>>> print(open('target_21.cif').read())   # mmCIF, C-alpha atoms
data_target
loop_
_atom_site.label_atom_id
_atom_site.label_comp_id
_atom_site.auth_asym_id
_atom_site.auth_seq_id
_atom_site.Cartn_x
_atom_site.Cartn_y
_atom_site.Cartn_z
CA MET A 1 0.00 0.00 0.00
CA ASP A 2 1.19 3.55 -0.78
CA GLY A 3 2.82 5.36 2.12
CA MET A 4 2.91 2.33 4.42
CA ILE A 5 6.17 1.57 6.23
CA GLN A 6 7.43 -1.76 4.86
CA GLY A 7 8.74 -4.51 7.14
CA GLY A 8 9.44 -3.46 10.69
CA TRP A 9 8.98 -6.73 12.58
CA GLU A 10 12.44 -6.26 14.10
CA TRP A 11 11.19 -3.06 15.82
CA VAL A 12 8.07 -4.86 17.02
CA ALA A 13 10.16 -7.74 18.40
CA ALA A 14 12.56 -5.32 20.11
CA ALA A 15 9.78 -3.28 21.76
CA TRP A 16 7.80 -6.28 23.01
CA GLY A 17 10.90 -8.30 23.92
CA ILE A 18 12.60 -5.57 25.93
CA SER A 19 9.32 -4.62 27.68
CA LEU A 20 8.49 -8.15 28.74
CA THR A 21 12.10 -8.80 29.80
CA VAL A 22 12.19 -5.66 31.99
CA PHE A 23 8.83 -6.53 33.57
CA ALA A 24 9.75 -10.19 34.15
CA THR A 25 13.15 -9.24 35.62
CA TYR A 26 11.47 -6.91 38.14
CA ALA A 27 8.95 -9.65 39.07
CA VAL A 28 11.73 -12.24 39.60
CA LEU A 29 13.92 -9.85 41.63
CA LEU A 30 10.91 -8.92 43.79
CA HIS A 31 10.18 -12.60 44.38
CA LEU A 32 13.81 -13.19 45.42
CA ARG A 33 13.72 -10.19 47.80
CA ILE A 34 10.55 -11.55 49.44
CA ARG A 35 12.01 -15.06 49.74
CA HIS A 36 15.26 -13.71 51.17
CA GLU A 37 13.35 -11.72 53.79
CA ARG A 38 11.17 -14.74 54.69
CA ARG A 39 14.21 -17.01 55.11
CA ARG A 40 15.97 -14.46 57.28
CA GLU A 41 12.86 -14.22 59.45
CA GLU A 42 12.65 -18.05 59.73
CA ASN A 43 16.32 -18.31 60.69
CA ARG A 44 16.05 -15.76 63.48
CA MET B 1 2.12 -36.83 59.54
CA SER B 2 2.12 -34.87 56.29
CA ALA B 3 4.03 -31.60 56.03
CA PRO B 4 1.89 -28.46 56.35
CA GLN B 5 0.94 -27.07 52.93
CA ARG B 6 2.01 -23.52 52.16
CA ARG B 7 -1.05 -21.50 51.11
CA ILE B 8 -0.83 -19.61 47.81
CA ALA B 9 -0.74 -15.86 48.49
CA PRO B 10 -4.02 -14.32 47.24
CA GLU B 11 -2.26 -11.66 45.15
CA HIS B 12 -0.91 -14.42 42.87
CA TRP B 13 -4.37 -14.75 41.31
CA PHE B 14 -3.86 -11.27 39.82
CA GLY B 15 -0.58 -12.53 38.35
CA VAL B 16 -2.24 -15.60 36.84
CA ALA B 17 -5.10 -13.52 35.37
CA GLY B 18 -2.62 -10.96 34.03
CA LEU B 19 -0.46 -13.55 32.29
CA ILE B 20 -3.48 -15.23 30.65
CA LEU B 21 -4.85 -11.88 29.45
CA LEU B 22 -1.40 -10.82 28.21
CA ALA B 23 -1.09 -14.04 26.19
CA VAL B 24 -4.52 -13.44 24.59
CA GLY B 25 -3.88 -9.72 23.98
CA SER B 26 -0.43 -10.41 22.51
CA TYR B 27 -1.86 -13.03 20.15
CA LEU B 28 -4.57 -10.63 18.96
CA GLY B 29 -2.12 -7.73 18.59
CA LEU B 30 0.74 -9.62 16.94
CA VAL B 31 -1.19 -12.16 14.84
CA GLU B 32 -4.86 -11.31 14.34
CA ALA B 33 -4.88 -7.50 14.02
CA PRO B 34 -4.22 -6.12 10.52
CA PRO B 35 -1.17 -3.91 9.80
CA GLU B 36 -1.91 -0.21 10.38
CA ARG B 37 -2.61 1.80 7.21
CA TYR B 38 0.56 3.98 7.43
CA MET B 39 2.72 2.42 10.16
CA GLY B 40 2.35 -1.12 8.79
CA GLU B 41 3.65 -3.83 11.16
CA VAL B 42 5.40 -1.21 13.33
CA GLY B 43 1.94 -0.12 14.52
CA ARG B 44 1.78 -3.36 16.54
CA ILE B 45 4.11 -1.75 19.08
CA LEU B 46 1.14 0.42 20.11
CA TYR B 47 -0.70 -2.66 21.47
CA ILE B 48 1.84 -2.76 24.29
CA HIS B 49 2.86 0.93 24.32
CA VAL B 50 -0.59 2.46 24.87
CA PRO B 51 -1.65 0.04 27.68
CA THR B 52 1.77 0.62 29.33
CA ALA B 53 1.12 4.37 29.29
CA TRP B 54 -2.39 3.98 30.76
CA ILE B 55 -1.38 1.63 33.56
CA GLY B 56 1.90 3.44 34.31
CA LEU B 57 0.09 6.75 34.81
CA LEU B 58 -2.60 4.96 36.82
CA ALA B 59 -0.01 3.37 39.15
CA LEU B 60 1.70 6.72 39.76
CA THR B 61 -1.67 8.44 40.31
CA ALA B 62 -2.52 5.72 42.85
CA ALA B 63 0.84 6.48 44.52
CA GLY B 64 -0.38 10.06 44.95
CA VAL B 65 -3.62 8.83 46.54
CA PHE B 66 -1.73 6.57 48.98
CA ALA B 67 0.69 9.41 49.76
CA GLY B 68 -2.26 11.64 50.72
CA LEU B 69 -3.83 8.84 52.79
CA TYR B 70 -0.53 8.27 54.61
CA LEU B 71 -0.10 11.94 55.48
CA VAL B 72 -3.66 12.08 56.85
CA GLN B 73 -3.87 8.75 58.67
CA ARG B 74 -0.19 7.78 59.24
CA ARG B 75 -0.98 4.08 58.70
CA PRO B 76 2.06 2.01 57.58
CA ARG B 77 -0.23 0.08 55.22
CA TRP B 78 -0.58 3.18 53.00
CA ASP B 79 3.21 3.60 52.90
CA ASP B 80 3.58 -0.07 51.85
CA LEU B 81 1.16 0.42 48.95
CA LEU B 82 2.69 3.79 48.04
CA THR B 83 6.12 2.17 47.70
CA GLY B 84 4.67 -0.59 45.52
CA CYS B 85 2.89 1.91 43.26
CA VAL B 86 6.04 4.04 42.84
CA GLU B 87 8.31 1.07 42.04
CA VAL B 88 5.85 -0.48 39.57
CA GLY B 89 5.08 2.94 38.08
CA VAL B 90 8.80 3.57 37.52
CA ILE B 91 9.20 0.19 35.78
CA LEU B 92 6.18 0.87 33.53
CA THR B 93 7.30 4.42 32.71
CA ALA B 94 10.80 3.17 31.82
CA MET B 95 9.20 0.52 29.59
CA LEU B 96 7.00 3.24 28.05
CA LEU B 97 9.99 5.39 27.07
CA ILE B 98 11.91 2.40 25.65
CA GLN B 99 8.89 1.28 23.57
CA GLY B 100 8.27 4.85 22.41
CA SER B 101 11.89 5.28 21.29
CA ILE B 102 11.83 2.00 19.38
CA TRP B 103 8.52 2.98 17.71
CA ALA B 104 9.82 6.50 16.90
CA ARG B 105 12.89 5.34 14.97
CA PRO B 106 11.05 3.80 11.97
CA THR B 107 8.12 6.28 12.07
CA TRP B 108 9.70 9.65 12.97
CA GLY B 109 13.26 8.78 11.90
CA VAL B 110 14.81 9.36 15.34
CA PHE B 111 14.92 7.46 18.62
CA TRP B 112 14.37 10.61 20.66
CA THR B 113 13.23 14.18 20.19
CA TRP B 114 12.51 16.87 22.79
CA ASP B 115 8.80 16.74 22.07
CA PRO B 116 6.57 17.97 24.96
CA ARG B 117 4.98 14.53 25.55
CA LEU B 118 8.35 12.75 25.56
CA THR B 119 10.06 15.39 27.66
CA THR B 120 7.34 15.52 30.33
CA ALA B 121 7.26 11.70 30.47
CA ALA B 122 11.05 11.63 30.95
CA ILE B 123 10.72 14.23 33.74
CA LEU B 124 8.04 12.02 35.33
CA LEU B 125 10.39 9.01 35.30
CA LEU B 126 13.29 11.01 36.77
CA SER B 127 11.02 12.52 39.46
CA PHE B 128 9.86 9.13 40.70
CA ILE B 129 13.39 7.68 40.54
CA GLY B 130 14.21 10.64 42.78
CA VAL B 131 11.42 9.59 45.18
CA LEU B 132 12.92 6.07 45.41
CA ALA B 133 16.44 7.50 45.88
CA LEU B 134 15.23 9.79 48.66
CA ARG B 135 13.54 6.83 50.32
CA ALA B 136 16.76 4.81 50.21
CA PHE B 137 18.68 7.52 52.06
CA VAL B 138 16.36 7.94 55.08
CA GLU B 139 16.77 5.40 57.89
CA ASP B 140 14.03 6.33 60.34
CA PRO B 141 10.86 4.50 59.13
CA GLN B 142 8.38 7.26 60.07
CA ARG B 143 10.48 10.01 58.57
CA ARG B 144 11.11 7.88 55.47
CA ALA B 145 7.39 7.32 54.96
CA ARG B 146 6.57 11.01 55.52
CA TRP B 147 9.25 12.27 53.13
CA THR B 148 8.28 9.69 50.51
CA ALA B 149 4.66 10.80 50.69
CA VAL B 150 5.53 14.49 50.36
CA ALA B 151 7.98 13.88 47.48
CA THR B 152 5.36 11.71 45.75
CA LEU B 153 2.76 14.49 45.99
CA VAL B 154 5.23 16.85 44.32
CA ALA B 155 6.11 14.32 41.58
CA VAL B 156 2.46 13.54 40.72
CA LEU B 157 1.99 17.17 39.68
CA ASP B 158 3.66 16.17 36.40
CA ILE B 159 1.01 13.52 35.59
CA PRO B 160 -1.66 15.92 34.25
CA ILE B 161 1.08 17.79 32.37
CA VAL B 162 2.14 14.52 30.66
CA TYR B 163 -1.48 13.66 29.89
CA PHE B 164 -2.53 17.04 28.49
CA SER B 165 0.80 17.89 26.82
CA VAL B 166 -0.56 16.77 23.44
CA LYS B 167 -3.40 19.32 23.80
CA TRP B 168 -1.45 22.19 25.35
CA TRP B 169 1.53 22.27 22.98
CA ARG B 170 2.25 21.66 19.32
CA THR B 171 3.63 18.12 19.38
CA LEU B 172 4.74 15.28 17.14
CA HIS B 173 3.03 12.77 19.41
CA GLN B 174 -0.46 11.56 18.54
CA ASP B 175 -3.50 13.11 20.21
CA PHE B 176 -5.66 11.11 22.67
CA SER B 177 -7.03 7.87 21.24
CA SER B 178 -10.69 6.97 21.63
CA PRO B 179 -12.98 4.25 20.22
CA GLU B 180 -13.87 6.74 17.44
CA THR B 181 -10.23 7.14 16.36
CA VAL B 182 -9.20 3.45 16.53
CA ALA B 183 -10.46 0.87 14.00
CA GLY B 184 -12.63 -1.92 15.40
CA ALA B 185 -10.10 -4.74 14.87
CA MET B 186 -7.56 -2.80 16.94
CA HIS B 187 -9.78 -2.22 20.01
CA TRP B 188 -9.53 -5.67 21.53
CA PRO B 189 -5.73 -6.06 21.72
CA LEU B 190 -5.52 -2.60 23.30
CA ARG B 191 -8.25 -3.28 25.85
CA ILE B 192 -7.17 -6.81 26.74
CA ASN B 193 -3.52 -5.79 27.16
CA ALA B 194 -4.64 -2.86 29.32
CA PHE B 195 -6.50 -5.24 31.66
CA ALA B 196 -3.50 -7.63 31.53
CA LEU B 197 -1.06 -4.92 32.62
CA LEU B 198 -3.56 -3.69 35.24
CA ALA B 199 -3.74 -7.18 36.78
CA LEU B 200 0.04 -7.62 36.61
CA ALA B 201 0.62 -4.17 38.14
CA ILE B 202 -1.79 -4.94 41.02
CA TRP B 203 0.01 -8.27 41.55
CA LEU B 204 3.44 -6.62 41.77
CA ILE B 205 2.20 -3.69 43.91
CA LEU B 206 0.70 -6.14 46.43
CA ARG B 207 3.93 -8.20 46.35
CA ARG B 208 6.02 -5.11 47.02
CA ALA B 209 3.67 -4.12 49.85
CA ARG B 210 4.14 -7.62 51.30
CA LEU B 211 7.94 -7.12 51.25
CA SER B 212 7.59 -3.82 53.15
CA ARG B 213 5.33 -5.55 55.70
CA GLN B 214 7.87 -8.35 56.20
CA ARG B 215 10.66 -5.84 56.76
CA ARG B 216 8.58 -3.83 59.23
CA SER B 217 7.79 -7.02 61.13
CA ALA B 218 11.52 -7.92 61.15
CA ARG B 219 12.39 -4.50 62.57
CA ALA B 220 9.72 -4.87 65.27
CA THR B 221 11.01 -8.26 66.41
CA ALA B 222 14.74 -7.60 65.95
CA PRO B 223 16.81 -7.74 69.16
CA PRO B 224 18.10 -4.34 70.27
CA ALA B 225 21.75 -5.41 69.86
CA THR B 226 23.41 -3.55 67.00
CA SER B 227 25.15 -6.71 65.81
CA THR B 228 22.07 -7.60 63.75
CA LEU B 229 21.71 -5.73 60.47
CA VAL B 230 18.07 -5.22 59.52
CA ALA B 231 17.25 -3.96 56.05
CA GLY B 232 15.64 -0.53 55.76
CA ASP B 233 13.03 -0.66 53.03
#
>>> encode(input="target_21.cif", output="structure tokens")
Amino acid sequence: MDGMIQGGWEWVAAAWGISLTVFATYAVLLHLRIRHERRREENR
Amino acid sequence: MSAPQRRIAPEHWFGVAGLILLAVGSYLGLVEAPPERYMGEVGRILYIHVPTAWIGLLALTAAGVFAGLYLVQRRPRWDDLLTGCVEVGVILTAMLLIQGSIWARPTWGVFWTWDPRLTTAAILLLSFIGVLALRAFVEDPQRRARWTAVATLVAVLDIPIVYFSVKWWRTLHQDFSSPETVAGAMHWPLRINAFALLALAIWLILRRARLSRQRRSARATAPPATSTLVAGD
């Protein structure tokens, strides 16, 4: 179609991939912080 | 005798719902929706970018509400939720700017420009990073909660400026979207991903509040001897 940007899946993959990676990394780190705190409490 | 079963924390149901909705919304946005008339496939970035903007601003607005509640009632519960909203809001706003830059390169030709919407969003991110930095430097729990709440109320002043920047100034960024300006096939991925990110944000905010609660409980039961190091918050 006239005027339409051709291709571009690499930008789509980068935007979705980086977003989901950032979000998942925060969720995992938060889980580890909670588990660390729980273990420290159990060991006291 | 069987070992006692650990109960699943109730906030995990938000996480499960969010992941299911995100899978459905991603499928609709990446597979089922047609390419946009001018942006082509690149327009699919908007199915994650726009919901991220909505939920990021919502999380930071909620932080402002919890900050006000804390200053009025001084309940630690509000400080726990405020911290969760700020952390999750910062993550979402950082994601928003990354997605926007990636979208801008093939459509505007640059990763970044000092457009009013982009600039005010960047100021918003830096302001709330500042709130978290301030929080990290204050040791006394009451003072930390009070200063966090006050700094949050200052930072949230930028939220309406971000939102209305596309109306108030001449800008490259698109105007507000509404059902009238978005084609029917593109509604569902936007809406479903918005509910997905809302559920995931609630999940993480409640998880972060749980961490604050655990740390407060550890401080309360810690022996007075200074040999034990107890985390701040």
>>> interface_residues(input="target_21.cif", of="chain A", to="chain B", cutoff="6 Å", atoms="all atoms listed in the file", output="ChimeraX atom specification")
/A:3-5,8,12,15,19,34
>>> resolve_selection(input="target_21.cif", expression="the PyMOL selection byres ((chain B and resi 186) around 10)", output="list of chain:residue names")
B:Leu28, B:Gly29, B:Glu32, B:Ala33, B:Pro34, B:Pro35, B:Glu36, B:Arg44, B:Leu46, B:Tyr47, B:Pro179, B:Val182, B:Ala183, B:Gly184, B:Ala185, B:His187, B:Trp188, B:Pro189, B:Leu190, B:Arg191
>>> residues_around(input="target_21.cif", residues="Gln142 in chain B", least_positions_apart="6", cutoff="10 Å", atoms="only C-alpha atoms", output="list in words")
Arg74, Arg75, Pro76, Asp79 and Thr148 of chain B
>>> residues_around(input="target_21.cif", residues="Ala136 in chain B", least_positions_apart="3", cutoff="10 Å", atoms="only C-alpha atoms", output="list in words")
Gly130, Val131, Leu132, Ala133, Glu139, Arg144, Thr148, Gly232 and Asp233 of chain B
>>> residues_around(input="target_21.cif", residues="Ala199 in chain B", least_positions_apart="4", cutoff="12 Å", atoms="only C-alpha atoms", output="ChimeraX atom specification")
/B:11-22,51,55,59,192-195,203-206
>>> atom_distance(input="target_21.cif", atom1="CA of Asp175 in chain B", atom2="CA of Arg117 in chain B")
10.1 Å
>>> closest_residue(input="target_21.cif", among="B:Leu82, B:Val166, B:Leu198, B:Leu97", to="Val65 in chain B", atoms="only C-alpha atoms")
B:Leu82
>>> atom_distance(input="target_21.cif", atom1="CA of Ala155 in chain B", atom2="CA of Leu125 in chain B")
9.3 Å
>>> resolve_selection(input="target_21.cif", expression="the PyMOL selection byres ((chain B and resi 160) around 12)", output="PyMOL selection string")
chain B and resi 57-58+60-61+117+120-121+124+155-159+161-168
>>> closest_residue(input="target_21.cif", among="B:Phe137, B:Arg143, B:Val90, B:Val31", to="Ala53 in chain B", atoms="all atoms listed in the file")
B:Val90
>>> closest_residue(input="target_21.cif", among="B:Leu126, B:Pro116, B:Pro141, B:Phe66", to="Arg213 in chain B", atoms="only C-alpha atoms")
B:Pro141
>>> atom_distance(input="target_21.cif", atom1="CA of Leu197 in chain B", atom2="CA of Trp54 in chain B")
9.2 Å
>>> build_atoms(input="target_21.cif", residues="range 21-44 of chain A", atoms="N, CA and C atoms", output="compact mmCIF listing (two decimals), in the frame of the given file")
# COMPACT_ATOMS: atom_id res chain seq x y z
N THR A 21 10.90 -8.42 29.04
CA THR A 21 12.10 -8.80 29.80
C THR A 21 12.26 -7.90 31.04
N VAL A 22 12.06 -6.60 30.86
CA VAL A 22 12.19 -5.66 31.99
C VAL A 22 11.15 -6.02 33.07
N PHE A 23 9.91 -6.24 32.63
CA PHE A 23 8.83 -6.53 33.57
C PHE A 23 9.09 -7.85 34.31
N ALA A 24 9.51 -8.88 33.54
CA ALA A 24 9.75 -10.19 34.15
C ALA A 24 10.94 -10.12 35.11
N THR A 25 11.97 -9.36 34.75
CA THR A 25 13.15 -9.24 35.62
C THR A 25 12.74 -8.60 36.95
N TYR A 26 11.92 -7.55 36.89
CA TYR A 26 11.47 -6.91 38.14
C TYR A 26 10.67 -7.92 38.98
N ALA A 27 9.78 -8.68 38.33
CA ALA A 27 8.95 -9.65 39.07
C ALA A 27 9.84 -10.71 39.75
N VAL A 28 10.85 -11.20 39.03
CA VAL A 28 11.73 -12.24 39.60
C VAL A 28 12.55 -11.67 40.76
N LEU A 29 13.12 -10.47 40.57
CA LEU A 29 13.92 -9.85 41.63
C LEU A 29 13.06 -9.59 42.88
N LEU A 30 11.81 -9.16 42.66
CA LEU A 30 10.91 -8.92 43.79
C LEU A 30 10.63 -10.22 44.54
N HIS A 31 10.41 -11.29 43.77
CA HIS A 31 10.18 -12.60 44.38
C HIS A 31 11.38 -13.02 45.23
N LEU A 32 12.59 -12.81 44.69
CA LEU A 32 13.81 -13.19 45.42
C LEU A 32 13.98 -12.34 46.68
N ARG A 33 13.62 -11.05 46.61
CA ARG A 33 13.72 -10.19 47.80
C ARG A 33 12.76 -10.68 48.89
N ILE A 34 11.55 -11.06 48.48
CA ILE A 34 10.55 -11.55 49.44
C ILE A 34 11.02 -12.87 50.07
N ARG A 35 11.56 -13.76 49.24
CA ARG A 35 12.01 -15.06 49.74
C ARG A 35 13.20 -14.89 50.69
N HIS A 36 14.10 -13.99 50.32
CA HIS A 36 15.26 -13.71 51.17
C HIS A 36 14.81 -13.20 52.54
N GLU A 37 13.85 -12.29 52.53
CA GLU A 37 13.35 -11.72 53.79
C GLU A 37 12.66 -12.79 54.64
N ARG A 38 11.89 -13.67 53.97
CA ARG A 38 11.17 -14.74 54.69
C ARG A 38 12.16 -15.70 55.33
N ARG A 39 13.21 -16.06 54.57
CA ARG A 39 14.21 -17.01 55.11
C ARG A 39 14.95 -16.40 56.29
N ARG A 40 15.26 -15.11 56.18
CA ARG A 40 15.97 -14.46 57.28
C ARG A 40 15.11 -14.44 58.54
N GLU A 41 13.79 -14.23 58.32
CA GLU A 41 12.86 -14.22 59.45
C GLU A 41 12.77 -15.62 60.07
N GLU A 42 12.73 -16.67 59.22
CA GLU A 42 12.65 -18.05 59.73
C GLU A 42 13.90 -18.46 60.49
N ASN A 43 15.06 -17.93 60.07
CA ASN A 43 16.32 -18.31 60.69
C ASN A 43 16.58 -17.57 62.01
N ARG A 44 15.79 -16.54 62.27
CA ARG A 44 16.05 -15.76 63.48
C ARG A 44 15.61 -16.53 64.72
